[in-house]
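For reference, input31.txt is printed below; it contains compact mmCIF, C-alpha atoms.
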```txt
# COMPACT_ATOMS: atom_id res chain seq x y z
CA MET S 1 -34.83 13.37 -42.27
CA PHE S 2 -35.30 13.29 -38.53
CA LYS S 3 -31.96 12.43 -36.97
CA THR S 4 -31.10 11.14 -33.54
CA VAL S 5 -28.83 14.11 -33.18
CA VAL S 6 -32.07 15.99 -32.96
CA LEU S 7 -32.14 13.29 -30.42
CA SER S 8 -33.81 16.01 -29.13
CA LEU S 9 -37.36 15.64 -29.69
CA LEU S 10 -40.84 15.40 -29.14
CA MET S 11 -44.32 15.85 -28.73
CA GLY S 12 -46.91 14.60 -26.52
CA VAL S 13 -49.35 15.28 -23.87
CA THR S 14 -48.65 17.58 -20.98
CA VAL S 15 -48.43 14.90 -18.33
CA SER S 16 -45.91 15.48 -15.63
CA VAL S 17 -43.37 12.92 -14.54
CA ASN S 18 -41.85 12.84 -11.10
CA CYS S 19 -38.13 12.94 -11.71
CA ASN S 20 -37.42 12.46 -8.04
CA ILE S 21 -38.99 9.05 -7.62
CA GLN S 22 -37.36 7.24 -4.73
CA ALA S 23 -36.35 3.70 -5.56
CA LYS S 24 -37.53 0.95 -3.28
CA PRO S 25 -34.84 -0.69 -1.13
CA ASP S 26 -34.85 -3.89 -3.18
CA GLU S 27 -34.31 -1.85 -6.34
CA ASN S 28 -31.28 -0.01 -4.99
CA LYS S 29 -29.10 -3.11 -5.23
CA ASN S 30 -29.72 -3.05 -8.99
CA GLY S 31 -28.42 0.50 -9.18
CA PHE S 32 -31.82 2.07 -9.89
CA LYS S 33 -31.69 5.65 -8.63
CA GLY S 34 -35.05 6.95 -9.77
CA SER S 35 -33.32 9.69 -11.80
CA LEU S 36 -31.27 10.21 -14.95
CA SER S 37 -27.46 10.02 -15.00
CA LEU S 38 -26.74 11.97 -18.16
CA LEU S 39 -29.54 14.51 -18.42
CA ASP S 40 -31.29 16.99 -16.17
CA CYS S 41 -34.70 15.44 -15.64
CA SER S 42 -36.21 18.75 -14.51
CA LYS S 43 -35.21 20.27 -17.88
CA LEU S 44 -36.99 17.44 -19.68
CA GLU S 45 -40.06 18.01 -17.50
CA ALA S 46 -40.01 21.69 -18.42
CA VAL S 47 -40.03 20.80 -22.10
CA LYS S 48 -42.77 18.22 -21.57
CA ASN S 49 -45.02 20.83 -20.04
CA LYS S 50 -44.49 23.21 -22.99
CA LEU S 51 -44.55 20.89 -25.99
CA GLU S 52 -47.23 22.88 -27.77
CA ALA S 53 -45.14 26.06 -27.64
CA PRO S 54 -43.87 27.28 -31.05
CA GLU S 55 -40.23 26.54 -30.25
CA TYR S 56 -40.99 22.86 -29.60
CA ALA S 57 -44.03 21.94 -31.71
CA ASN S 58 -42.26 21.26 -35.02
CA VAL S 59 -39.48 19.16 -33.54
CA TYR S 60 -42.07 17.32 -31.48
CA SER S 61 -44.05 16.53 -34.59
CA ASP S 62 -40.92 15.30 -36.40
CA LEU S 63 -40.04 12.96 -33.56
CA VAL S 64 -43.49 11.43 -33.42
CA LYS S 65 -43.49 10.82 -37.18
CA SER S 66 -40.08 9.19 -36.89
CA VAL S 67 -40.87 6.86 -33.99
CA ASN S 68 -44.22 5.87 -35.48
CA LYS S 69 -42.29 4.50 -38.45
CA GLN S 70 -39.91 2.72 -36.09
CA LEU S 71 -42.84 0.86 -34.56
CA GLU S 72 -42.95 -1.18 -37.77
CA ASP S 73 -39.21 -1.91 -37.79
CA LYS S 74 -37.82 -5.32 -36.96
CA ALA S 75 -35.13 -5.47 -34.33
CA LEU S 76 -31.59 -5.80 -35.65
CA SER S 77 -28.87 -7.79 -33.94
CA VAL S 78 -25.19 -8.62 -34.33
CA VAL S 79 -25.99 -12.18 -35.36
CA GLN S 80 -27.65 -11.01 -38.59
CA LYS S 81 -24.47 -9.82 -40.33
CA THR S 82 -22.95 -11.81 -43.18
CA GLN S 83 -19.36 -11.33 -41.97
CA ILE S 84 -18.06 -13.84 -39.41
CA PRO S 85 -15.74 -12.25 -36.80
CA PRO S 86 -12.21 -13.68 -36.35
CA SER S 87 -13.48 -15.39 -33.18
CA GLY S 88 -15.99 -17.39 -35.22
CA ASP S 89 -18.78 -16.06 -32.95
CA LYS S 90 -21.37 -13.87 -34.63
CA HIS S 91 -22.30 -12.44 -31.23
CA ASP S 92 -19.04 -10.47 -31.39
CA TYR S 93 -19.30 -6.96 -32.83
CA ILE S 94 -17.19 -6.26 -35.93
CA SER S 95 -16.47 -3.15 -38.00
CA TYR S 96 -13.70 -1.73 -40.21
CA GLY S 97 -11.75 1.52 -39.95
CA PRO S 98 -13.84 4.07 -41.90
CA TYR S 99 -10.93 5.92 -43.52
CA TRP S 100 -9.16 2.81 -44.83
CA TRP S 101 -9.38 1.66 -48.46
CA PRO S 102 -8.14 -1.28 -50.55
CA ASN S 103 -4.70 -0.56 -51.96
CA PRO S 104 -5.04 -0.49 -55.77
CA ASP S 105 -1.34 -1.31 -56.15
CA LYS S 106 -1.49 -4.55 -54.16
CA PRO S 107 -2.97 -7.96 -55.05
CA GLY S 108 -6.42 -8.22 -53.47
CA GLY S 109 -6.01 -4.67 -52.19
CA LEU S 110 -4.20 -5.83 -49.03
CA PRO S 111 -3.16 -4.31 -46.81
CA TRP S 112 -5.66 -1.44 -46.91
CA ILE S 113 -4.30 2.14 -46.94
CA ARG S 114 -5.55 5.24 -45.11
CA LYS S 115 -7.22 8.24 -46.75
CA GLY S 116 -7.79 10.80 -43.99
CA GLY S 117 -11.38 11.99 -43.65
CA GLN S 118 -12.62 9.97 -46.64
CA ILE S 119 -15.08 7.27 -45.61
CA ASN S 120 -14.85 3.99 -47.52
CA PRO S 121 -18.43 2.84 -48.31
CA LEU S 122 -17.30 -0.76 -47.83
CA THR S 123 -16.93 -0.03 -44.10
CA ARG S 124 -20.56 1.02 -43.91
CA GLU S 125 -22.26 -1.92 -45.60
CA GLY S 126 -24.34 -4.58 -43.85
CA ASN S 127 -21.63 -7.20 -43.66
CA THR S 128 -20.45 -5.52 -40.43
CA ASP S 129 -22.35 -4.32 -37.35
CA PHE S 130 -21.69 -0.59 -37.59
CA GLU S 131 -24.89 0.42 -39.38
CA SER S 132 -27.10 -1.99 -37.43
CA LYS S 133 -25.72 -0.58 -34.20
CA ASN S 134 -26.42 2.98 -35.31
CA VAL S 135 -29.99 2.14 -36.30
CA MET S 136 -30.72 0.25 -33.08
CA PHE S 137 -29.14 2.85 -30.80
CA GLY S 138 -31.00 5.64 -32.62
CA ASN S 139 -34.32 3.80 -32.46
CA ILE S 140 -33.98 2.95 -28.78
CA THR S 141 -33.05 6.55 -27.97
CA ASN S 142 -35.92 8.11 -29.90
CA LEU S 143 -38.53 5.62 -28.69
CA SER S 144 -37.60 6.10 -25.04
CA LEU S 145 -37.68 9.88 -25.37
CA ALA S 146 -41.01 9.77 -27.18
CA TYR S 147 -42.29 7.62 -24.34
CA PHE S 148 -41.07 10.10 -21.74
CA PHE S 149 -42.80 12.99 -23.42
CA SER S 150 -46.00 11.30 -24.60
CA ASP S 151 -46.61 8.48 -22.07
CA GLU S 152 -47.64 6.28 -25.00
CA GLU S 153 -46.97 2.68 -23.96
CA LYS S 154 -46.42 1.57 -27.56
CA TYR S 155 -43.12 3.46 -27.57
CA GLU S 156 -41.99 1.90 -24.31
CA LYS S 157 -42.79 -1.62 -25.51
CA LYS S 158 -40.86 -1.17 -28.75
CA ALA S 159 -37.86 0.39 -26.97
CA LEU S 160 -37.79 -2.53 -24.55
CA GLU S 161 -38.02 -5.03 -27.41
CA PHE S 162 -34.99 -3.46 -29.10
CA LEU S 163 -33.03 -3.35 -25.82
CA GLU S 164 -33.69 -7.01 -25.16
CA VAL S 165 -32.65 -8.09 -28.65
CA TRP S 166 -29.32 -6.21 -28.56
CA PHE S 167 -28.34 -6.67 -24.90
CA VAL S 168 -30.38 -9.43 -23.21
CA ASN S 169 -31.70 -12.33 -25.32
CA ASN S 170 -29.24 -15.22 -25.47
CA GLU S 171 -30.00 -15.92 -29.13
CA THR S 172 -29.33 -12.39 -30.36
CA LYS S 173 -27.38 -10.34 -27.79
CA MET S 174 -24.00 -8.80 -28.47
CA ASN S 175 -21.03 -10.06 -26.50
CA PRO S 176 -19.85 -7.20 -24.22
CA ASN S 177 -16.59 -6.44 -26.02
CA LEU S 178 -15.25 -4.50 -29.01
CA ASN S 179 -12.33 -6.78 -29.81
CA PHE S 180 -13.00 -6.52 -33.54
CA ALA S 181 -14.03 -2.89 -33.90
CA GLN S 182 -12.40 -0.83 -36.68
CA GLY S 183 -10.14 -3.59 -37.93
CA ILE S 184 -7.98 -2.95 -41.00
CA PRO S 185 -7.92 -5.80 -43.51
CA GLY S 186 -4.39 -7.03 -44.02
CA ILE S 187 -3.12 -5.27 -40.87
CA ASN S 188 -5.19 -6.23 -37.81
CA THR S 189 -8.56 -7.63 -36.72
CA GLY S 190 -9.52 -4.77 -34.42
CA ARG S 191 -8.19 -1.62 -32.75
CA GLY S 192 -8.66 0.28 -29.53
CA ILE S 193 -9.79 3.37 -31.41
CA GLY S 194 -12.85 1.39 -32.50
CA ILE S 195 -14.22 1.90 -28.99
CA ILE S 196 -15.38 5.37 -30.02
CA GLU S 197 -18.05 3.70 -32.13
CA PHE S 198 -19.86 2.97 -28.86
CA ALA S 199 -19.91 6.56 -27.63
CA GLY S 200 -23.68 6.47 -28.24
CA VAL S 201 -24.07 3.83 -25.54
CA THR S 202 -24.60 6.77 -23.16
CA ASN S 203 -27.96 7.35 -24.88
CA ILE S 204 -28.85 3.71 -24.20
CA ILE S 205 -28.23 4.31 -20.50
CA THR S 206 -30.65 7.24 -20.62
CA ALA S 207 -33.22 5.05 -22.38
CA ILE S 208 -32.99 2.36 -19.72
CA GLU S 209 -33.27 4.92 -16.92
CA ILE S 210 -36.35 6.50 -18.53
CA LEU S 211 -38.09 3.12 -18.61
CA GLU S 212 -37.11 2.52 -14.99
CA LEU S 213 -38.12 6.03 -13.98
CA LYS S 214 -41.62 5.35 -15.20
CA ASN S 215 -41.69 1.86 -13.64
CA THR S 216 -42.26 0.07 -16.96
CA ILE S 217 -39.28 -2.28 -16.96
CA ASP S 218 -39.23 -5.41 -14.83
CA LYS S 219 -36.53 -6.00 -12.24
CA GLU S 220 -35.04 -9.05 -13.99
CA THR S 221 -34.52 -7.15 -17.24
CA SER S 222 -32.90 -4.28 -15.32
CA LYS S 223 -30.52 -6.77 -13.71
CA LEU S 224 -29.60 -8.36 -17.03
CA LEU S 225 -28.97 -4.97 -18.65
CA ARG S 226 -26.73 -3.95 -15.76
CA LEU S 227 -24.93 -7.27 -16.00
CA TRP S 228 -24.15 -6.54 -19.66
CA PHE S 229 -22.84 -3.08 -18.80
CA THR S 230 -20.81 -4.45 -15.88
CA LYS S 231 -19.10 -6.93 -18.19
CA TYR S 232 -18.56 -4.33 -20.90
CA LEU S 233 -17.05 -1.91 -18.37
CA TYR S 234 -14.68 -4.64 -17.15
CA TRP S 235 -13.62 -5.21 -20.76
CA LEU S 236 -13.10 -1.45 -21.25
CA GLN S 237 -10.91 -1.21 -18.18
CA THR S 238 -8.83 -4.38 -18.56
CA SER S 239 -8.55 -5.36 -22.24
CA GLU S 240 -5.59 -4.43 -24.43
CA ASN S 241 -7.83 -2.38 -26.72
CA GLY S 242 -9.52 -0.66 -23.79
CA ILE S 243 -6.25 0.30 -22.13
CA PHE S 244 -4.92 1.59 -25.44
CA GLU S 245 -7.97 3.80 -25.94
CA LYS S 246 -7.81 5.13 -22.39
CA ASN S 247 -4.25 6.29 -23.06
CA THR S 248 -4.96 8.11 -26.33
CA LYS S 249 -4.41 11.85 -26.26
CA ASN S 250 -7.18 13.22 -28.48
CA ASN S 251 -10.99 12.93 -28.72
CA HIS S 252 -10.72 9.15 -28.37
CA GLY S 253 -9.41 9.51 -24.82
CA VAL S 254 -12.11 12.00 -23.88
CA TRP S 255 -14.91 9.82 -25.22
CA TYR S 256 -13.41 6.78 -23.51
CA ASP S 257 -13.78 8.70 -20.25
CA VAL S 258 -17.37 9.61 -21.13
CA GLN S 259 -18.22 5.96 -21.62
CA GLU S 260 -16.44 4.85 -18.46
CA VAL S 261 -17.94 7.52 -16.20
CA SER S 262 -21.47 7.19 -17.60
CA ILE S 263 -21.45 3.43 -17.02
CA LEU S 264 -20.02 3.82 -13.52
CA MET S 265 -22.80 6.28 -12.70
CA PHE S 266 -25.40 3.94 -14.20
CA LEU S 267 -24.06 1.14 -12.00
CA ASN S 268 -24.15 3.47 -8.98
CA ARG S 269 -20.35 3.31 -8.55
CA LYS S 270 -20.05 7.00 -7.85
CA GLU S 271 -16.71 7.08 -6.03
CA GLU S 272 -15.02 5.33 -8.94
CA ALA S 273 -16.65 7.78 -11.33
CA LYS S 274 -15.36 10.71 -9.27
CA GLY S 275 -11.86 9.23 -9.38
CA VAL S 276 -11.92 9.14 -13.18
CA LEU S 277 -13.23 12.71 -13.35
CA GLU S 278 -10.39 13.96 -11.16
CA THR S 279 -7.89 12.58 -13.68
CA VAL S 280 -9.60 14.52 -16.48
CA LYS S 281 -8.14 17.75 -15.10
CA THR S 282 -4.49 16.95 -15.72
CA LYS S 283 -4.76 14.07 -18.18
CA ARG S 284 -7.21 15.67 -20.62
CA VAL S 285 -7.79 19.39 -20.06
CA ALA S 286 -4.15 20.28 -19.43
CA THR S 287 -2.87 18.24 -22.38
CA GLN S 288 -5.57 18.60 -25.05
CA ILE S 289 -6.54 22.27 -24.70
CA GLU S 290 -4.12 25.15 -25.28
CA PRO S 291 -4.13 28.34 -23.14
CA ASN S 292 -5.98 30.13 -25.97
CA GLY S 293 -8.67 27.42 -25.99
CA SER S 294 -7.66 25.69 -29.23
CA GLN S 295 -7.54 21.90 -29.39
CA PRO S 296 -4.40 21.11 -31.44
CA HIS S 297 -5.03 17.37 -31.85
CA GLU S 298 -8.42 18.15 -33.40
CA LEU S 299 -7.23 21.12 -35.48
CA ALA S 300 -4.78 18.74 -37.17
CA ARG S 301 -7.68 16.71 -38.61
CA THR S 302 -9.12 17.11 -42.11
CA LYS S 303 -12.46 17.93 -40.46
CA ALA S 304 -11.00 20.23 -37.84
CA LEU S 305 -14.22 22.06 -36.93
CA SER S 306 -16.21 18.85 -36.63
CA TYR S 307 -13.57 17.19 -34.47
CA SER S 308 -13.03 20.26 -32.29
CA THR S 309 -16.77 20.33 -31.64
CA MET S 310 -16.97 16.60 -30.97
CA ASN S 311 -14.09 16.66 -28.52
CA LEU S 312 -15.49 19.67 -26.68
CA ARG S 313 -18.88 17.96 -26.49
CA GLY S 314 -17.15 15.10 -24.69
CA PHE S 315 -15.46 17.53 -22.31
CA THR S 316 -18.82 19.21 -21.67
CA GLN S 317 -20.47 15.90 -20.85
CA LEU S 318 -17.66 15.09 -18.43
CA ALA S 319 -18.06 18.52 -16.83
CA TYR S 320 -21.77 17.82 -16.36
CA PHE S 321 -20.97 14.49 -14.72
CA GLY S 322 -18.61 16.41 -12.48
CA LYS S 323 -21.36 18.85 -11.60
CA ARG S 324 -23.52 15.91 -10.54
CA LEU S 325 -20.74 14.30 -8.48
CA GLY S 326 -18.97 17.30 -6.96
CA VAL S 327 -15.90 17.45 -9.25
CA ASP S 328 -15.73 20.94 -10.76
CA LEU S 329 -14.41 20.53 -14.29
CA TRP S 330 -16.41 23.41 -15.71
CA ASN S 331 -14.47 26.01 -13.72
CA TYR S 332 -11.17 24.12 -13.63
CA GLN S 333 -8.14 25.87 -15.13
CA ALA S 334 -4.86 24.03 -15.69
CA LYS S 335 -1.52 25.52 -14.70
CA ASN S 336 -0.94 26.59 -18.30
CA GLY S 337 -4.27 28.43 -18.34
CA ALA S 338 -6.15 25.82 -20.38
CA SER S 339 -9.80 25.20 -19.56
CA ILE S 340 -13.04 23.92 -21.01
CA LYS S 341 -14.48 27.43 -20.89
CA LYS S 342 -11.58 28.76 -22.96
CA ALA S 343 -12.24 26.07 -25.54
CA PHE S 344 -15.76 27.47 -25.86
CA GLU S 345 -14.44 31.01 -26.13
CA PHE S 346 -12.07 29.91 -28.90
CA LEU S 347 -14.96 28.51 -30.93
CA LYS S 348 -17.48 31.24 -30.07
CA PRO S 349 -16.59 33.67 -32.93
CA TYR S 350 -17.18 30.86 -35.42
CA ALA S 351 -20.51 29.91 -33.87
CA LEU S 352 -21.55 33.57 -34.08
CA GLU S 353 -20.20 33.67 -37.65
CA GLU S 354 -18.02 36.62 -36.71
CA LYS S 355 -15.07 34.72 -38.18
CA LYS S 356 -14.78 32.21 -41.01
CA TRP S 357 -13.25 28.84 -40.17
CA GLU S 358 -9.63 29.04 -41.31
CA HIS S 359 -8.58 25.46 -40.64
CA GLN S 360 -9.21 22.40 -42.79
CA GLN S 361 -12.79 21.15 -43.05
CA ILE S 362 -13.28 18.86 -46.04
CA SER S 363 -16.95 18.24 -45.24
CA SER S 364 -19.75 20.81 -44.96
CA VAL S 365 -18.79 23.81 -42.81
CA LYS S 366 -22.48 24.72 -42.52
CA LYS S 367 -23.34 21.35 -41.04
CA ALA S 368 -20.36 21.53 -38.70
CA LEU S 369 -21.52 24.95 -37.48
CA GLN S 370 -24.97 23.53 -36.76
CA GLY S 371 -23.31 20.93 -34.53
CA LEU S 372 -21.29 23.68 -32.85
CA ASN S 373 -24.42 25.74 -32.15
CA SER S 374 -26.07 22.66 -30.65
CA LEU S 375 -23.05 22.25 -28.37
CA PHE S 376 -23.39 25.84 -27.13
CA LEU S 377 -27.03 25.13 -26.33
CA MET S 378 -26.03 22.00 -24.41
CA ALA S 379 -23.45 23.89 -22.32
CA GLY S 380 -25.74 26.87 -21.81
CA SER S 381 -28.49 24.64 -20.49
CA GLN S 382 -26.28 22.46 -18.28
CA PHE S 383 -24.32 25.31 -16.73
CA ASN S 384 -26.90 28.13 -16.91
CA VAL S 385 -24.94 30.33 -19.31
CA SER S 386 -27.52 32.55 -21.00
CA GLU S 387 -25.06 33.77 -23.65
CA TYR S 388 -24.42 30.19 -24.78
CA CYS S 389 -28.16 29.47 -24.82
CA ALA S 390 -28.65 32.43 -27.15
CA ILE S 391 -25.87 31.24 -29.45
CA GLY S 392 -27.34 27.75 -29.58
CA LYS S 393 -30.86 28.82 -30.42
CA PRO S 394 -31.35 28.64 -34.21
CA LYS S 395 -32.51 31.76 -36.01
CA ASP S 396 -35.86 30.18 -36.89
CA GLY S 397 -36.75 30.00 -33.22
CA VAL S 398 -36.76 26.20 -32.96
CA TYR S 399 -34.27 24.64 -30.59
CA SER S 400 -31.93 22.23 -32.33
CA ASN S 401 -31.84 19.91 -29.35
CA LEU S 402 -34.74 19.87 -26.91
CA LEU S 403 -32.82 17.75 -24.44
CA TYR S 404 -31.11 20.91 -23.29
CA HIS S 405 -33.84 23.35 -22.35
CA CYS S 406 -32.83 26.92 -21.57
CA ASN S 407 -35.05 29.10 -19.40
```
Translate this structure into structure tokens?
Amino acid sequence: MFKTVVLSLLMGVTVSVNCNIQAKPDENKNGFKGSLSLLDCSKLEAVKNKLEAPEYANVYSDLVKSVNKQLEDKALSVVQKTQIPPSGDKHDYISYGPYWWPNPDKPGGLPWIRKGGQINPLTREGNTDFESKNVMFGNITNLSLAYFFSDEEKYEKKALEFLEVWFVNNETKMNPNLNFAQGIPGINTGRGIGIIEFAGVTNIITAIEILELKNTIDKETSKLLRLWFTKYLYWLQTSENGIFEKNTKNNHGVWYDVQEVSILMFLNRKEEAKGVLETVKTKRVATQIEPNGSQPHELARTKALSYSTMNLRGFTQLAYFGKRLGVDLWNYQAKNGASIKKAFEFLKPYALEEKKWEHQQISSVKKALQGLNSLFLMAGSQFNVSEYCAIGKPKDGVYSNLLYHCN
């Protein structure tokens, strides 16, 4: 099945897009920059102009098949769930902690108990918003990318419809908070660590910017979308759950920073974004990565390879933001010798299959290695490391993620 992770892409006609469009003065106040915050637009252009090449054609075809099916989908919203949040407002997002299960030794199963790495299917059913959010975010991402590569207006219109339903329309939009994310029945109604469920909101920012880049989204909708993100950012920075997540010391803290910085960049608040990135040096790199490049908080998990990869992906995204804003995280080395580059070197023998993963990984190691290879491709593309590009290129010659083109 075509996944958003292969978020990657597309097919289309070889029509070039000017990634350096200059926004009009009256658009600047809305934060529209005429470029992309999270991706290298020139890399996407390079792919667009070579979509018929063997390394792109199959993935392109898969994307088009996927988004053509999405054209028939109805938009999902938070108000459609059967569960009513503790606030009594269905516009509030709600989900349950995925690794928590009813206690068989307690009446009614309360309070739930934790089983590390084992997902409770009850946390993934339609009475919460988790699955609807994943579907909507994936659809919006794929449709906007298909639009970028193909210039087919039908993809743009559907992406905009989904954006408006989830973020804009008064009858259906989500309230900009995660007060009730990853609650644990019998213990609490929501937790700060639930914020990681919105890590994919960065892809929504890219989708919005693509529509703006191609001048197909009206100014009022752009304003309303930025208003939603402004309110959500305020909640992230000031709420009890947001502050808790910001102070976590593992992948949750890193992905909190990714959300915060990406939104600040989207809102054109660059100096604030740079301030956050400066703290990443001592608050994240120096404390979460060992001198040998291992990530101890992630190695302690039951899916150690998956979590090590996920955390390093967050670090890599932050380093790319730093590259855009003049904060060099890619080459930064902490006093103890820890660095993002060393984290890659630690994982490199496993990506090359020179070593077998010796830590716990209760889910598929093969699938985890595919994610690791994709991460090497991402870093190789963003920081022009040819060795990493080679590691990330699958043996069948088809790039796993066409968002990160390597020359």
Identify, on the basis of all atoms listed in the file, every residue whose closest approach to region 321-326 of chain S does not exceed 9 Å; exclude the query and any residue fewer than 2 positions from it along the same chain; express the result as a ChimeraX atom specification. /S:37-38,258,261-262,265,270-271,273-274,277-278,316-319,328-330,383
Written file, previous selection with C-alpha atoms, as a tab-separated table (two decimals), in the frame of the given file:
```tsv
chain	number	residue	atom	x	y	z
S	37	SER	CA	-27.46	10.02	-15.00
S	38	LEU	CA	-26.74	11.97	-18.16
S	258	VAL	CA	-17.37	9.61	-21.13
S	261	VAL	CA	-17.94	7.52	-16.20
S	262	SER	CA	-21.47	7.19	-17.60
S	265	MET	CA	-22.80	6.28	-12.70
S	270	LYS	CA	-20.05	7.00	-7.85
S	271	GLU	CA	-16.71	7.08	-6.03
S	273	ALA	CA	-16.65	7.78	-11.33
S	274	LYS	CA	-15.36	10.71	-9.27
S	277	LEU	CA	-13.23	12.71	-13.35
S	278	GLU	CA	-10.39	13.96	-11.16
S	316	THR	CA	-18.82	19.21	-21.67
S	317	GLN	CA	-20.47	15.90	-20.85
S	318	LEU	CA	-17.66	15.09	-18.43
S	319	ALA	CA	-18.06	18.52	-16.83
S	328	ASP	CA	-15.73	20.94	-10.76
S	329	LEU	CA	-14.41	20.53	-14.29
S	330	TRP	CA	-16.41	23.41	-15.71
S	383	PHE	CA	-24.32	25.31	-16.73
```
Which one of S:Leu227, S:Ile94, S:Ala207, S:Ile140 sits closest to Gly190 (chain S) if you count only C-alpha atoms? S:Ile94
List every protein, DNA or RNA residue that has an atom no more than 10 Å from (-11.2, 28.4, -29.2) in the file's coordinate frame, counting all atoms listed in the file, and report them as a list in words. Ile289, Glu290, Pro291, Asn292, Gly293, Ser294, Gln295, Ser308, Ile340, Lys341, Lys342, Ala343, Phe344, Glu345, Phe346, Leu347, Lys348, Pro349 and Tyr350 of chain S
One decimal place gives the CA of Asn268 (chain S)-CA of Lys246 (chain S) separation as 21.2 Å
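CA of Leu160 (chain S) lies 12.7 Å from CA of Glu220 (chain S).
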Take the point (-25.4, 35.6, -31.7) as written in the file and pick out every residue within 8 Å of it, counting all atoms listed in the file; give the list as a short mmCIF file (atom, residue, chain, number, x, y, z; two decimals) with C-alpha atoms, keeping the file's coordinate frame.
```
data_model
loop_
_atom_site.label_atom_id
_atom_site.label_comp_id
_atom_site.auth_asym_id
_atom_site.auth_seq_id
_atom_site.Cartn_x
_atom_site.Cartn_y
_atom_site.Cartn_z
CA ALA S 351 -20.51 29.91 -33.87
CA LEU S 352 -21.55 33.57 -34.08
CA ALA S 390 -28.65 32.43 -27.15
CA ILE S 391 -25.87 31.24 -29.45
#
```
Would you work out the distance separating CA of Gly186 (chain S) from CA of Thr123 (chain S), expressed in Å to one decimal? 14.4 Å
Within 9 Å of Leu110 (chain S), counting all atoms listed in the file, which residues show up once you throw out same-chain ones fewer than 6 positions away? Write them as a count of residues only, please. 6
Best match for closeness to Leu267 (chain S) among S:Glu209, S:Ala286, S:Asn241, S:Ser374, counting only C-alpha atoms: S:Glu209
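Here the question is which of S:Asn179, S:Asn247, S:Ser363, S:Thr216 gets nearest to Thr279 (chain S) using all atoms listed in the file, and that residue is S:Asn247.
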Show which residues sit within 10 Å of Ser132 (chain S), as a list in words. Count all atoms listed in the file, and ignore same-chain residues fewer than 3 positions away. Ala75, Leu76, Ser77, Val78, Gln80, Lys81, Arg124, Glu125, Gly126, Asn127, Thr128, Asp129, Val135, Met136, Phe137 and Gly138 of chain S
Counting only C-alpha atoms, which residue out of S:Trp235, S:Phe149, S:Trp166, S:Trp100 sits closest to Tyr60 (chain S)? S:Phe149
Looking at all atoms listed in the file, which of S:Tyr232, S:Val168, S:Gln118, S:Val79 is the one that sits closest to Arg301 (chain S)? S:Gln118
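Distances to Glu45 (chain S) were evaluated for S:Ser386, S:Ser150, S:Asn134, S:Asn175 using only C-alpha atoms, and the minimum falls at S:Ser150.
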Size and centre in Å, one decimal, axis-aligned box, all listed region 247-251 of chain S atoms plus 6 Å per side, as JSON:
```
{"center_x": -7.6, "center_y": 9.8, "center_z": -25.9, "size_x": 18.7, "size_y": 18.9, "size_z": 17.7}
```
Would you kindly return, as a ChimeraX atom specification, each protein, DNA or RNA residue with an atom no farther than 12 Å from any atom of Leu225 (chain S), considering all atoms listed in the file and excluding same-chain residues fewer than 2 positions away? /S:30-32,160,163-169,173-174,176,204-205,207-209,212,217-223,227-232,263,266-267
Report as an MDAnalysis selection string all protein, DNA and RNA residues lying within 12 Å of Gly242 (chain S), evaluated on all atoms listed in the file, omitting residues in the same chain fewer than 3 positions from it. chainID S and resid 177:181 190:196 232:239 245:248 252:253 255:257 259:260
